[in-house]
file data_5.txt (compact mmCIF, N, CA and C atoms)
# COMPACT_ATOMS: atom_id res chain seq x y z
N ASP R 1 -67.71 -29.15 48.86
CA ASP R 1 -66.75 -30.13 49.34
C ASP R 1 -65.36 -29.71 48.90
N ARG R 2 -64.50 -29.41 49.85
CA ARG R 2 -63.14 -28.97 49.55
C ARG R 2 -62.19 -30.14 49.30
N GLY R 3 -62.67 -31.38 49.51
CA GLY R 3 -61.82 -32.54 49.34
C GLY R 3 -61.51 -32.85 47.88
N SER R 4 -62.38 -32.43 46.94
CA SER R 4 -62.12 -32.71 45.54
C SER R 4 -61.41 -31.52 44.90
N ILE R 5 -60.45 -31.80 44.09
CA ILE R 5 -59.66 -30.76 43.42
C ILE R 5 -59.87 -30.89 41.92
N MET R 6 -60.18 -29.78 41.29
CA MET R 6 -60.36 -29.79 39.84
C MET R 6 -58.99 -29.82 39.15
N ALA R 7 -58.92 -30.50 38.05
CA ALA R 7 -57.69 -30.54 37.27
C ALA R 7 -57.42 -29.17 36.67
N ALA R 8 -56.17 -28.85 36.51
CA ALA R 8 -55.79 -27.57 35.91
C ALA R 8 -56.20 -27.57 34.43
N GLY R 9 -56.50 -26.41 33.92
CA GLY R 9 -56.85 -26.29 32.51
C GLY R 9 -55.65 -26.61 31.63
N THR R 10 -55.92 -26.95 30.39
CA THR R 10 -54.86 -27.28 29.45
C THR R 10 -54.93 -26.31 28.28
N ALA R 11 -54.01 -25.38 28.24
CA ALA R 11 -53.96 -24.40 27.15
C ALA R 11 -53.12 -24.96 26.00
N TYR R 12 -53.51 -24.59 24.79
CA TYR R 12 -52.74 -25.00 23.60
C TYR R 12 -52.43 -23.78 22.76
N SER R 13 -51.29 -23.79 22.17
CA SER R 13 -50.92 -22.73 21.24
C SER R 13 -51.68 -22.92 19.94
N ALA R 14 -52.02 -21.84 19.29
CA ALA R 14 -52.68 -21.92 17.99
C ALA R 14 -51.70 -22.23 16.87
N LYS R 15 -50.43 -22.38 17.19
CA LYS R 15 -49.42 -22.62 16.15
C LYS R 15 -49.67 -23.90 15.36
N ASN R 16 -50.42 -24.85 15.94
CA ASN R 16 -50.70 -26.10 15.23
C ASN R 16 -52.07 -26.14 14.58
N ALA R 17 -52.79 -25.02 14.60
CA ALA R 17 -54.09 -24.97 13.93
C ALA R 17 -53.88 -25.14 12.42
N LYS R 18 -54.89 -25.62 11.75
CA LYS R 18 -54.79 -25.88 10.31
C LYS R 18 -56.11 -25.52 9.64
N VAL R 19 -56.05 -25.32 8.33
CA VAL R 19 -57.23 -25.08 7.51
C VAL R 19 -57.17 -26.02 6.31
N ARG R 20 -58.27 -26.73 6.07
CA ARG R 20 -58.38 -27.56 4.88
C ARG R 20 -59.69 -27.23 4.18
N ILE R 21 -59.59 -27.08 2.87
CA ILE R 21 -60.77 -26.88 2.04
C ILE R 21 -60.80 -28.08 1.11
N GLY R 22 -61.73 -28.99 1.37
CA GLY R 22 -61.67 -30.29 0.71
C GLY R 22 -60.38 -30.96 1.16
N THR R 23 -59.54 -31.35 0.21
CA THR R 23 -58.25 -31.94 0.55
C THR R 23 -57.12 -30.94 0.37
N THR R 24 -57.45 -29.70 0.01
CA THR R 24 -56.45 -28.68 -0.27
C THR R 24 -55.97 -28.01 1.01
N VAL R 25 -54.64 -27.91 1.15
CA VAL R 25 -54.05 -27.18 2.27
C VAL R 25 -54.22 -25.69 1.98
N TYR R 26 -54.77 -24.96 2.94
CA TYR R 26 -54.90 -23.52 2.80
C TYR R 26 -53.94 -22.88 3.79
N TYR R 27 -52.98 -22.13 3.29
CA TYR R 27 -51.93 -21.56 4.13
C TYR R 27 -52.46 -20.36 4.90
N ALA R 28 -52.94 -20.64 6.10
CA ALA R 28 -53.58 -19.61 6.91
C ALA R 28 -52.72 -19.27 8.12
N GLN R 29 -52.97 -18.09 8.66
CA GLN R 29 -52.26 -17.64 9.85
C GLN R 29 -53.23 -17.32 11.00
N VAL R 30 -54.46 -17.02 10.65
CA VAL R 30 -55.48 -16.70 11.64
C VAL R 30 -56.82 -17.19 11.11
N TRP R 31 -57.60 -17.84 11.97
CA TRP R 31 -59.00 -18.06 11.62
C TRP R 31 -59.86 -17.70 12.82
N GLU R 32 -61.06 -17.22 12.53
CA GLU R 32 -62.01 -16.84 13.56
C GLU R 32 -63.38 -17.39 13.18
N VAL R 33 -64.10 -17.91 14.16
CA VAL R 33 -65.42 -18.48 13.94
C VAL R 33 -66.42 -17.74 14.82
N ASP R 34 -67.57 -17.40 14.25
CA ASP R 34 -68.57 -16.62 14.97
C ASP R 34 -69.96 -17.21 14.79
N PRO R 35 -70.30 -18.26 15.58
CA PRO R 35 -71.65 -18.82 15.50
C PRO R 35 -72.64 -17.90 16.22
N GLU R 36 -73.87 -17.91 15.75
CA GLU R 36 -74.87 -17.02 16.34
C GLU R 36 -76.27 -17.60 16.12
N SER R 37 -77.11 -17.43 17.13
CA SER R 37 -78.52 -17.83 17.01
C SER R 37 -79.38 -16.58 17.01
N THR R 38 -80.46 -16.61 16.24
CA THR R 38 -81.45 -15.54 16.32
C THR R 38 -82.49 -15.95 17.36
N TYR R 39 -82.99 -14.99 18.07
CA TYR R 39 -83.99 -15.26 19.10
C TYR R 39 -85.27 -14.52 18.77
N ASP R 40 -86.39 -15.14 19.11
CA ASP R 40 -87.69 -14.52 18.93
C ASP R 40 -88.32 -14.35 20.31
N ASP R 41 -88.94 -13.22 20.50
CA ASP R 41 -89.52 -12.88 21.80
C ASP R 41 -90.72 -13.77 22.12
N THR R 42 -90.69 -14.38 23.30
CA THR R 42 -91.82 -15.19 23.77
C THR R 42 -92.35 -14.64 25.10
N SER R 43 -92.07 -13.36 25.36
CA SER R 43 -92.55 -12.74 26.59
C SER R 43 -94.06 -12.82 26.66
N ASN R 44 -94.56 -12.94 27.91
CA ASN R 44 -96.01 -13.07 28.08
C ASN R 44 -96.41 -12.56 29.46
N PHE R 45 -97.70 -12.51 29.70
CA PHE R 45 -98.20 -12.00 30.96
C PHE R 45 -97.74 -12.81 32.16
N GLU R 46 -97.38 -14.07 31.96
CA GLU R 46 -96.99 -14.95 33.07
C GLU R 46 -95.52 -14.83 33.42
N GLY R 47 -94.77 -13.98 32.73
CA GLY R 47 -93.32 -13.88 32.93
C GLY R 47 -92.90 -12.93 34.03
N ALA R 48 -93.81 -12.47 34.87
CA ALA R 48 -93.50 -11.61 36.01
C ALA R 48 -92.72 -10.36 35.61
N GLY R 49 -92.97 -9.85 34.41
CA GLY R 49 -92.31 -8.63 33.97
C GLY R 49 -90.94 -8.83 33.35
N PHE R 50 -90.55 -10.09 33.14
CA PHE R 50 -89.25 -10.38 32.55
C PHE R 50 -89.42 -10.87 31.12
N GLU R 51 -88.44 -10.52 30.27
CA GLU R 51 -88.45 -11.00 28.88
C GLU R 51 -88.17 -12.49 28.83
N ASN R 52 -88.66 -13.13 27.81
CA ASN R 52 -88.35 -14.51 27.49
C ASN R 52 -88.13 -14.61 26.00
N GLN R 53 -87.24 -15.50 25.59
CA GLN R 53 -86.98 -15.70 24.17
C GLN R 53 -86.83 -17.19 23.89
N VAL R 54 -86.96 -17.51 22.62
CA VAL R 54 -86.69 -18.86 22.16
C VAL R 54 -85.67 -18.76 21.03
N ALA R 55 -84.67 -19.65 21.07
CA ALA R 55 -83.67 -19.68 20.00
C ALA R 55 -84.33 -20.23 18.74
N CYS R 56 -84.13 -19.55 17.63
CA CYS R 56 -84.73 -19.98 16.36
C CYS R 56 -83.64 -20.43 15.39
N LEU R 57 -83.31 -19.60 14.44
CA LEU R 57 -82.34 -19.99 13.42
C LEU R 57 -80.90 -19.82 13.90
N ARG R 58 -80.04 -20.71 13.44
CA ARG R 58 -78.61 -20.66 13.75
C ARG R 58 -77.84 -20.34 12.49
N LYS R 59 -76.76 -19.58 12.64
CA LYS R 59 -75.88 -19.28 11.52
C LYS R 59 -74.46 -19.20 12.03
N CYS R 60 -73.52 -19.24 11.12
CA CYS R 60 -72.12 -19.15 11.52
C CYS R 60 -71.32 -18.51 10.39
N THR R 61 -70.60 -17.46 10.75
CA THR R 61 -69.66 -16.86 9.81
C THR R 61 -68.25 -17.16 10.30
N PHE R 62 -67.31 -17.17 9.39
CA PHE R 62 -65.92 -17.36 9.78
C PHE R 62 -65.02 -16.61 8.81
N THR R 63 -63.87 -16.20 9.33
CA THR R 63 -62.86 -15.55 8.49
C THR R 63 -61.57 -16.34 8.58
N VAL R 64 -60.84 -16.30 7.49
CA VAL R 64 -59.54 -16.96 7.44
C VAL R 64 -58.56 -15.96 6.82
N ASP R 65 -57.49 -15.68 7.56
CA ASP R 65 -56.42 -14.80 7.08
C ASP R 65 -55.21 -15.65 6.75
N GLY R 66 -54.61 -15.39 5.63
CA GLY R 66 -53.41 -16.12 5.26
C GLY R 66 -52.62 -15.35 4.23
N TRP R 67 -51.73 -16.03 3.58
CA TRP R 67 -50.95 -15.39 2.54
C TRP R 67 -51.34 -15.94 1.18
N TRP R 68 -51.22 -15.10 0.20
CA TRP R 68 -51.60 -15.45 -1.17
C TRP R 68 -50.56 -16.42 -1.72
N ASP R 69 -51.03 -17.56 -2.20
CA ASP R 69 -50.15 -18.61 -2.73
C ASP R 69 -49.96 -18.38 -4.22
N GLY R 70 -48.84 -17.78 -4.58
CA GLY R 70 -48.55 -17.50 -5.99
C GLY R 70 -48.33 -18.75 -6.82
N GLY R 71 -48.02 -19.89 -6.18
CA GLY R 71 -47.81 -21.14 -6.90
C GLY R 71 -49.11 -21.89 -7.16
N ALA R 72 -50.17 -21.51 -6.47
CA ALA R 72 -51.49 -22.13 -6.66
C ALA R 72 -52.53 -21.03 -6.38
N ASN R 73 -52.61 -20.09 -7.28
CA ASN R 73 -53.47 -18.92 -7.12
C ASN R 73 -54.89 -19.33 -6.73
N PRO R 74 -55.32 -19.01 -5.51
CA PRO R 74 -56.65 -19.42 -5.08
C PRO R 74 -57.80 -18.70 -5.79
N PHE R 75 -57.49 -17.67 -6.56
CA PHE R 75 -58.52 -16.98 -7.34
C PHE R 75 -58.84 -17.72 -8.65
N ASP R 76 -57.90 -18.51 -9.14
CA ASP R 76 -58.09 -19.22 -10.41
C ASP R 76 -59.13 -20.31 -10.29
N PHE R 77 -59.99 -20.40 -11.27
CA PHE R 77 -60.98 -21.47 -11.27
C PHE R 77 -60.35 -22.82 -11.59
N ALA R 78 -59.07 -22.82 -11.93
CA ALA R 78 -58.37 -24.09 -12.19
C ALA R 78 -58.02 -24.80 -10.89
N THR R 79 -58.04 -24.08 -9.77
CA THR R 79 -57.74 -24.72 -8.48
C THR R 79 -59.00 -25.31 -7.87
N ASP R 80 -58.83 -26.16 -6.88
CA ASP R 80 -59.97 -26.80 -6.23
C ASP R 80 -60.78 -25.87 -5.33
N ILE R 81 -60.14 -24.80 -4.84
CA ILE R 81 -60.81 -24.04 -3.79
C ILE R 81 -61.53 -22.77 -4.27
N LYS R 82 -61.20 -22.18 -5.37
CA LYS R 82 -61.95 -21.07 -5.98
C LYS R 82 -62.40 -20.01 -4.99
N ILE R 83 -61.44 -19.31 -4.41
CA ILE R 83 -61.77 -18.29 -3.42
C ILE R 83 -62.09 -16.98 -4.14
N GLN R 84 -63.35 -16.84 -4.47
CA GLN R 84 -63.89 -15.60 -5.02
C GLN R 84 -65.24 -15.38 -4.38
N ASP R 85 -65.59 -14.11 -4.18
CA ASP R 85 -66.89 -13.84 -3.58
C ASP R 85 -67.98 -14.43 -4.46
N GLY R 86 -69.03 -14.93 -3.83
CA GLY R 86 -70.14 -15.54 -4.54
C GLY R 86 -69.95 -17.03 -4.82
N GLN R 87 -68.79 -17.56 -4.56
CA GLN R 87 -68.54 -18.98 -4.78
C GLN R 87 -68.91 -19.79 -3.53
N THR R 88 -69.05 -21.08 -3.68
CA THR R 88 -69.34 -21.98 -2.57
C THR R 88 -68.19 -22.95 -2.41
N LEU R 89 -67.71 -23.06 -1.18
CA LEU R 89 -66.63 -23.99 -0.86
C LEU R 89 -67.23 -25.24 -0.24
N ALA R 90 -66.63 -26.38 -0.52
CA ALA R 90 -67.10 -27.65 0.04
C ALA R 90 -66.11 -28.16 1.07
N SER R 91 -66.63 -28.70 2.15
CA SER R 91 -65.85 -29.39 3.17
C SER R 91 -64.72 -28.53 3.74
N VAL R 92 -65.09 -27.43 4.39
CA VAL R 92 -64.11 -26.57 5.04
C VAL R 92 -63.95 -27.06 6.48
N LYS R 93 -62.71 -27.28 6.89
CA LYS R 93 -62.42 -27.71 8.25
C LYS R 93 -61.36 -26.78 8.84
N LEU R 94 -61.69 -26.24 10.01
CA LEU R 94 -60.76 -25.38 10.74
C LEU R 94 -60.32 -26.16 11.98
N TYR R 95 -59.11 -26.69 11.90
CA TYR R 95 -58.59 -27.58 12.95
C TYR R 95 -58.01 -26.78 14.12
N VAL R 96 -58.26 -27.25 15.32
CA VAL R 96 -57.76 -26.62 16.52
C VAL R 96 -56.27 -26.91 16.71
N SER R 97 -55.86 -28.15 16.49
CA SER R 97 -54.46 -28.54 16.67
C SER R 97 -54.16 -29.75 15.80
N ASP R 98 -53.54 -29.51 14.67
CA ASP R 98 -53.18 -30.53 13.69
C ASP R 98 -54.45 -31.16 13.10
N THR R 99 -54.30 -31.97 12.10
CA THR R 99 -55.45 -32.53 11.38
C THR R 99 -55.99 -33.82 12.00
N THR R 100 -55.50 -34.17 13.18
CA THR R 100 -56.02 -35.36 13.86
C THR R 100 -56.87 -34.97 15.07
N GLY R 101 -56.97 -33.68 15.34
CA GLY R 101 -57.70 -33.22 16.51
C GLY R 101 -59.05 -32.63 16.16
N PRO R 102 -59.70 -32.00 17.13
CA PRO R 102 -61.01 -31.40 16.94
C PRO R 102 -60.98 -30.30 15.87
N PHE R 103 -62.13 -30.10 15.23
CA PHE R 103 -62.21 -29.08 14.18
C PHE R 103 -63.63 -28.57 14.02
N TRP R 104 -63.73 -27.33 13.55
CA TRP R 104 -65.01 -26.79 13.10
C TRP R 104 -65.25 -27.38 11.72
N SER R 105 -66.46 -27.79 11.45
CA SER R 105 -66.77 -28.38 10.14
C SER R 105 -67.88 -27.60 9.45
N PHE R 106 -67.62 -27.24 8.21
CA PHE R 106 -68.58 -26.56 7.35
C PHE R 106 -68.69 -27.37 6.06
N PRO R 107 -69.69 -28.26 5.96
CA PRO R 107 -69.82 -29.06 4.73
C PRO R 107 -69.96 -28.19 3.48
N SER R 108 -70.57 -27.03 3.64
CA SER R 108 -70.71 -26.10 2.53
C SER R 108 -70.67 -24.69 3.09
N ALA R 109 -69.92 -23.80 2.44
CA ALA R 109 -69.80 -22.43 2.92
C ALA R 109 -69.74 -21.47 1.74
N HIS R 110 -70.48 -20.38 1.85
CA HIS R 110 -70.46 -19.33 0.83
C HIS R 110 -69.33 -18.36 1.12
N VAL R 111 -68.60 -17.98 0.08
CA VAL R 111 -67.58 -16.95 0.22
C VAL R 111 -68.29 -15.60 0.09
N LEU R 112 -68.32 -14.86 1.18
CA LEU R 112 -69.01 -13.56 1.18
C LEU R 112 -68.14 -12.45 0.64
N ALA R 113 -66.87 -12.45 1.04
CA ALA R 113 -65.96 -11.37 0.64
C ALA R 113 -64.53 -11.88 0.67
N VAL R 114 -63.71 -11.29 -0.16
CA VAL R 114 -62.29 -11.61 -0.21
C VAL R 114 -61.52 -10.30 -0.22
N LYS R 115 -60.54 -10.22 0.64
CA LYS R 115 -59.72 -9.01 0.72
C LYS R 115 -58.26 -9.40 0.50
N MET R 116 -57.61 -8.74 -0.43
CA MET R 116 -56.19 -8.98 -0.68
C MET R 116 -55.44 -7.69 -0.38
N VAL R 117 -54.30 -7.82 0.31
CA VAL R 117 -53.52 -6.65 0.68
C VAL R 117 -52.10 -6.81 0.16
N ALA R 118 -51.62 -5.77 -0.53
CA ALA R 118 -50.23 -5.71 -0.99
C ALA R 118 -49.54 -4.55 -0.27
N ASN R 119 -48.55 -4.88 0.55
CA ASN R 119 -47.78 -3.89 1.28
C ASN R 119 -46.32 -4.14 0.92
N VAL R 120 -45.63 -3.13 0.44
CA VAL R 120 -44.27 -3.30 -0.05
C VAL R 120 -43.34 -3.94 0.99
N ALA R 121 -43.62 -3.75 2.26
CA ALA R 121 -42.74 -4.28 3.31
C ALA R 121 -43.19 -5.65 3.83
N GLN R 122 -44.23 -6.21 3.22
CA GLN R 122 -44.76 -7.48 3.72
C GLN R 122 -45.15 -8.40 2.57
N LYS R 123 -45.47 -9.63 2.93
CA LYS R 123 -45.97 -10.59 1.93
C LYS R 123 -47.39 -10.21 1.51
N LEU R 124 -47.83 -10.72 0.39
CA LEU R 124 -49.22 -10.52 -0.04
C LEU R 124 -50.12 -11.34 0.87
N THR R 125 -51.17 -10.72 1.36
CA THR R 125 -52.08 -11.43 2.26
C THR R 125 -53.47 -11.53 1.65
N LEU R 126 -54.20 -12.51 2.14
CA LEU R 126 -55.54 -12.79 1.65
C LEU R 126 -56.43 -13.06 2.86
N ASN R 127 -57.58 -12.41 2.89
CA ASN R 127 -58.57 -12.61 3.94
C ASN R 127 -59.87 -13.00 3.26
N MET R 128 -60.46 -14.09 3.70
CA MET R 128 -61.77 -14.44 3.16
C MET R 128 -62.77 -14.53 4.30
N ARG R 129 -63.96 -14.02 4.04
CA ARG R 129 -65.06 -14.07 5.00
C ARG R 129 -66.13 -14.96 4.40
N CYS R 130 -66.54 -15.96 5.18
CA CYS R 130 -67.49 -16.97 4.69
C CYS R 130 -68.66 -17.12 5.64
N LYS R 131 -69.71 -17.75 5.13
CA LYS R 131 -70.89 -18.06 5.93
C LYS R 131 -71.30 -19.49 5.64
N ALA R 132 -71.57 -20.24 6.70
CA ALA R 132 -72.02 -21.62 6.53
C ALA R 132 -73.27 -21.64 5.68
N ALA R 133 -73.31 -22.55 4.72
CA ALA R 133 -74.49 -22.76 3.89
C ALA R 133 -75.20 -23.98 4.45
N GLY R 134 -76.02 -23.75 5.47
CA GLY R 134 -76.69 -24.87 6.14
C GLY R 134 -75.97 -25.24 7.41
N THR R 135 -75.76 -26.52 7.62
CA THR R 135 -75.25 -27.03 8.88
C THR R 135 -73.77 -26.70 9.09
N PHE R 136 -73.41 -26.70 10.34
CA PHE R 136 -71.99 -26.58 10.75
C PHE R 136 -71.89 -27.29 12.09
N THR R 137 -70.68 -27.73 12.44
CA THR R 137 -70.51 -28.40 13.73
C THR R 137 -69.32 -27.81 14.48
N TYR R 138 -69.49 -27.75 15.79
CA TYR R 138 -68.42 -27.31 16.69
C TYR R 138 -67.37 -28.40 16.79
N PRO R 139 -66.14 -28.03 17.20
CA PRO R 139 -65.13 -29.06 17.46
C PRO R 139 -65.60 -29.97 18.59
N THR R 140 -65.34 -31.26 18.47
CA THR R 140 -65.69 -32.21 19.52
C THR R 140 -64.45 -32.98 19.93
N GLY R 141 -64.42 -33.39 21.18
CA GLY R 141 -63.29 -34.15 21.70
C GLY R 141 -62.17 -33.24 22.15
N ASN R 142 -61.11 -33.87 22.63
CA ASN R 142 -59.95 -33.15 23.15
C ASN R 142 -58.77 -33.28 22.22
N VAL R 143 -57.81 -32.40 22.39
CA VAL R 143 -56.57 -32.49 21.62
C VAL R 143 -55.76 -33.63 22.22
N ALA R 144 -55.27 -34.51 21.36
CA ALA R 144 -54.52 -35.67 21.85
C ALA R 144 -53.11 -35.27 22.24

call {"tool": "encode", "arguments": {"input": "data_5.txt", "output": "C-alpha cells"}}
result
Amino acid sequence: DRGSIMAAGTAYSAKNAKVRIGTTVYYAQVWEVDPESTYDDTSNFEGAGFENQVACLRKCTFTVDGWWDGGANPFDFATDIKIQDGQTLASVKLYVSDTTGPFWSFPSAHVLAVKMVANVAQKLTLNMRCKAAGTFTYPTGNVA
C-alpha cells in the first residue's frame, strides 16, 4: 500500500551520551557495547540439509574510553569505582542521550582489562574493557 508513509528516522549525536558507575560520573568520550549469544547446533535429519541452532547463553562485553581524572584517580581504592582489572563494578549505566533517556544497564560488571596511554601531545587516556557479570539490559524507550 503506497498510501501510508513511514516517518523519517531520528538520528541523535553521541555528544550527549553519558556513563555512570553507581552515582559516580565517569568522564568518557567513547563507549561500545557488544552483546552476544552462543548457539548450539540442533541440526537433524528433518532439516532438509540445512543447519539449525538454538540460542543458549548470553553475554555482553563493553569498553569505555575516557580521560584519566587526576582529581579522583579511578585506580585508587579510595574512590567508589575502583577501575582495576579483576575488580567488579556495580550499577554501570551507559546512557544514549543524557541521564533521563534510554541506557544500557549492567547491575554488575567485571573489569577485564584497563589500558592507560600517556602521549606527550595529548591528555592521559584510560580505556577499560568489562564483561557483564550476569544480567544486562538493552536501552528501552525513545530519547525525549

call {"tool": "select_by_dssp", "arguments": {"input": "data_5.txt", "residues": "segment 45-100 of chain R", "states": "strand (DSSP E)", "output": "VMD selection string"}}
result
chain R and resid 53 to 67 88 to 95

call {"tool": "closest_residue", "arguments": {"input": "data_5.txt", "among": "R:Ser91, R:Ser108, R:Asn44, R:Thr24", "to": "Ala133 of chain R", "atoms": "only C-alpha atoms"}}
result
R:Ser108

call {"tool": "axis_aligned_box", "arguments": {"input": "data_5.txt", "around": "segment 113-120 of chain R", "padding_each_side": "3 Å", "output": "AutoDock Vina command-line options"}}
result
--center_x -55.1 --center_y -7.8 --center_z 0.1 --size_x 29.5 --size_y 15.3 --size_z 8.3

call {"tool": "residues_around", "arguments": {"input": "data_5.txt", "residues": "Leu112 of chain R", "least_positions_apart": "5", "cutoff": "8 Å", "atoms": "all atoms listed in the file", "output": "number ranges by chain"}}
result
R: 84-88, 128-131

call {"tool": "residues_around", "arguments": {"input": "data_5.txt", "residues": "segment 121-124 of chain R", "least_positions_apart": "2", "cutoff": "8 Å", "atoms": "all atoms listed in the file", "output": "list in words"}}
result
Gly66, Trp67, Trp68, Asp69, Met116, Val117, Ala118, Asn119, Leu126 and Asn127 of chain R

call {"tool": "residues_around", "arguments": {"input": "data_5.txt", "residues": "Pro102 of chain R", "least_positions_apart": "4", "cutoff": "5 Å", "atoms": "all atoms listed in the file", "output": "PyMOL selection string"}}
result
chain R and resi 95-96+139-140

call {"tool": "residues_near_point", "arguments": {"input": "data_5.txt", "point": "(-57.0, -15.3, 10.7)", "cutoff": "7 Å", "atoms": "all atoms listed in the file", "output": "ChimeraX atom specification"}}
result
/R:28-32,63-66

call {"tool": "closest_residue", "arguments": {"input": "data_5.txt", "among": "R:Leu57, R:Ala144, R:Val120, R:Val111", "to": "Glu36 of chain R", "atoms": "all atoms listed in the file"}}
result
R:Leu57

call {"tool": "atom_distance", "arguments": {"input": "data_5.txt", "atom1": "atom CA of Val54 of chain R", "atom2": "atom CA of Ala132 of chain R"}}
result
21.6 Å

call {"tool": "closest_residue", "arguments": {"input": "data_5.txt", "among": "R:Asn16, R:Gly70, R:Leu89, R:Ala113", "to": "Val143 of chain R", "atoms": "only C-alpha atoms"}}
result
R:Asn16

call {"tool": "residues_around", "arguments": {"input": "data_5.txt", "residues": "Asp34 of chain R", "least_positions_apart": "3", "cutoff": "6 Å", "atoms": "only C-alpha atoms", "output": "ChimeraX atom specification"}}
result
/R:60-62

call {"tool": "closest_residue", "arguments": {"input": "data_5.txt", "among": "R:Arg58, R:Asp98, R:Trp104, R:Ala8", "to": "Pro35 of chain R", "atoms": "only N, CA and C atoms"}}
result
R:Arg58

call {"tool": "closest_residue", "arguments": {"input": "data_5.txt", "among": "R:Val114, R:Ser43, R:Thr23, R:Lys15", "to": "Ile83 of chain R", "atoms": "only C-alpha atoms"}}
result
R:Val114

call {"tool": "atom_distance", "arguments": {"input": "data_5.txt", "atom1": "atom CA of Val92 of chain R", "atom2": "atom CA of Thr125 of chain R"}}
result
19.5 Å

call {"tool": "select_by_dssp", "arguments": {"input": "data_5.txt", "residues": "chain R", "states": "helix (DSSP H, G or I)", "output": "list of chain:residue names"}}
result
R:Ala14, R:Lys15, R:Asn16, R:Phe45, R:Glu46, R:Gly47

call {"tool": "write_last_selection", "arguments": {"input": "data_5.txt", "atoms": "N, CA and C atoms", "output": "mmCIF file, keeping the file's coordinate frame"}}
result
data_model
loop_
_atom_site.group_PDB
_atom_site.id
_atom_site.type_symbol
_atom_site.label_atom_id
_atom_site.label_comp_id
_atom_site.auth_asym_id
_atom_site.auth_seq_id
_atom_site.Cartn_x
_atom_site.Cartn_y
_atom_site.Cartn_z
ATOM 1 N N ALA R 14 -52.020 -21.840 19.290
ATOM 2 C CA ALA R 14 -52.680 -21.920 17.990
ATOM 3 C C ALA R 14 -51.700 -22.230 16.870
ATOM 4 N N LYS R 15 -50.430 -22.380 17.190
ATOM 5 C CA LYS R 15 -49.420 -22.620 16.150
ATOM 6 C C LYS R 15 -49.670 -23.900 15.360
ATOM 7 N N ASN R 16 -50.420 -24.850 15.940
ATOM 8 C CA ASN R 16 -50.700 -26.100 15.230
ATOM 9 C C ASN R 16 -52.070 -26.140 14.580
ATOM 10 N N PHE R 45 -97.700 -12.510 29.700
ATOM 11 C CA PHE R 45 -98.200 -12.000 30.960
ATOM 12 C C PHE R 45 -97.740 -12.810 32.160
ATOM 13 N N GLU R 46 -97.380 -14.070 31.960
ATOM 14 C CA GLU R 46 -96.990 -14.950 33.070
ATOM 15 C C GLU R 46 -95.520 -14.830 33.420
ATOM 16 N N GLY R 47 -94.770 -13.980 32.730
ATOM 17 C CA GLY R 47 -93.320 -13.880 32.930
ATOM 18 C C GLY R 47 -92.900 -12.930 34.030
#

call {"tool": "build_atoms", "arguments": {"input": "data_5.txt", "residues": "segment 45-55 of chain R", "atoms": "N, CA, C and O atoms", "output": "compact mmCIF listing (two decimals), keeping the file's coordinate frame"}}
result
# COMPACT_ATOMS: atom_id res chain seq x y z
N PHE R 45 -97.70 -12.51 29.70
CA PHE R 45 -98.20 -12.00 30.96
C PHE R 45 -97.74 -12.81 32.16
O PHE R 45 -97.70 -12.33 33.28
N GLU R 46 -97.38 -14.07 31.96
CA GLU R 46 -96.99 -14.95 33.07
C GLU R 46 -95.52 -14.83 33.42
O GLU R 46 -95.04 -15.49 34.33
N GLY R 47 -94.77 -13.98 32.73
CA GLY R 47 -93.32 -13.88 32.93
C GLY R 47 -92.90 -12.93 34.03
O GLY R 47 -91.71 -12.60 34.12
N ALA R 48 -93.81 -12.47 34.87
CA ALA R 48 -93.50 -11.61 36.01
C ALA R 48 -92.72 -10.36 35.61
O ALA R 48 -91.86 -9.88 36.34
N GLY R 49 -92.97 -9.85 34.41
CA GLY R 49 -92.31 -8.63 33.97
C GLY R 49 -90.94 -8.83 33.35
O GLY R 49 -90.24 -7.87 33.08
N PHE R 50 -90.55 -10.09 33.14
CA PHE R 50 -89.25 -10.38 32.55
C PHE R 50 -89.42 -10.87 31.12
O PHE R 50 -90.39 -11.55 30.79
N GLU R 51 -88.44 -10.52 30.27
CA GLU R 51 -88.45 -11.00 28.88
C GLU R 51 -88.17 -12.49 28.83
O GLU R 51 -87.45 -13.02 29.68
N ASN R 52 -88.66 -13.13 27.81
CA ASN R 52 -88.35 -14.51 27.49
C ASN R 52 -88.13 -14.61 26.00
O ASN R 52 -88.74 -13.88 25.23
N GLN R 53 -87.24 -15.50 25.59
CA GLN R 53 -86.98 -15.70 24.17
C GLN R 53 -86.83 -17.19 23.89
O GLN R 53 -86.56 -17.97 24.78
N VAL R 54 -86.96 -17.51 22.62
CA VAL R 54 -86.69 -18.86 22.16
C VAL R 54 -85.67 -18.76 21.03
O VAL R 54 -85.75 -17.88 20.17
N ALA R 55 -84.67 -19.65 21.07
CA ALA R 55 -83.67 -19.68 20.00
C ALA R 55 -84.33 -20.23 18.74
O ALA R 55 -85.02 -21.25 18.78
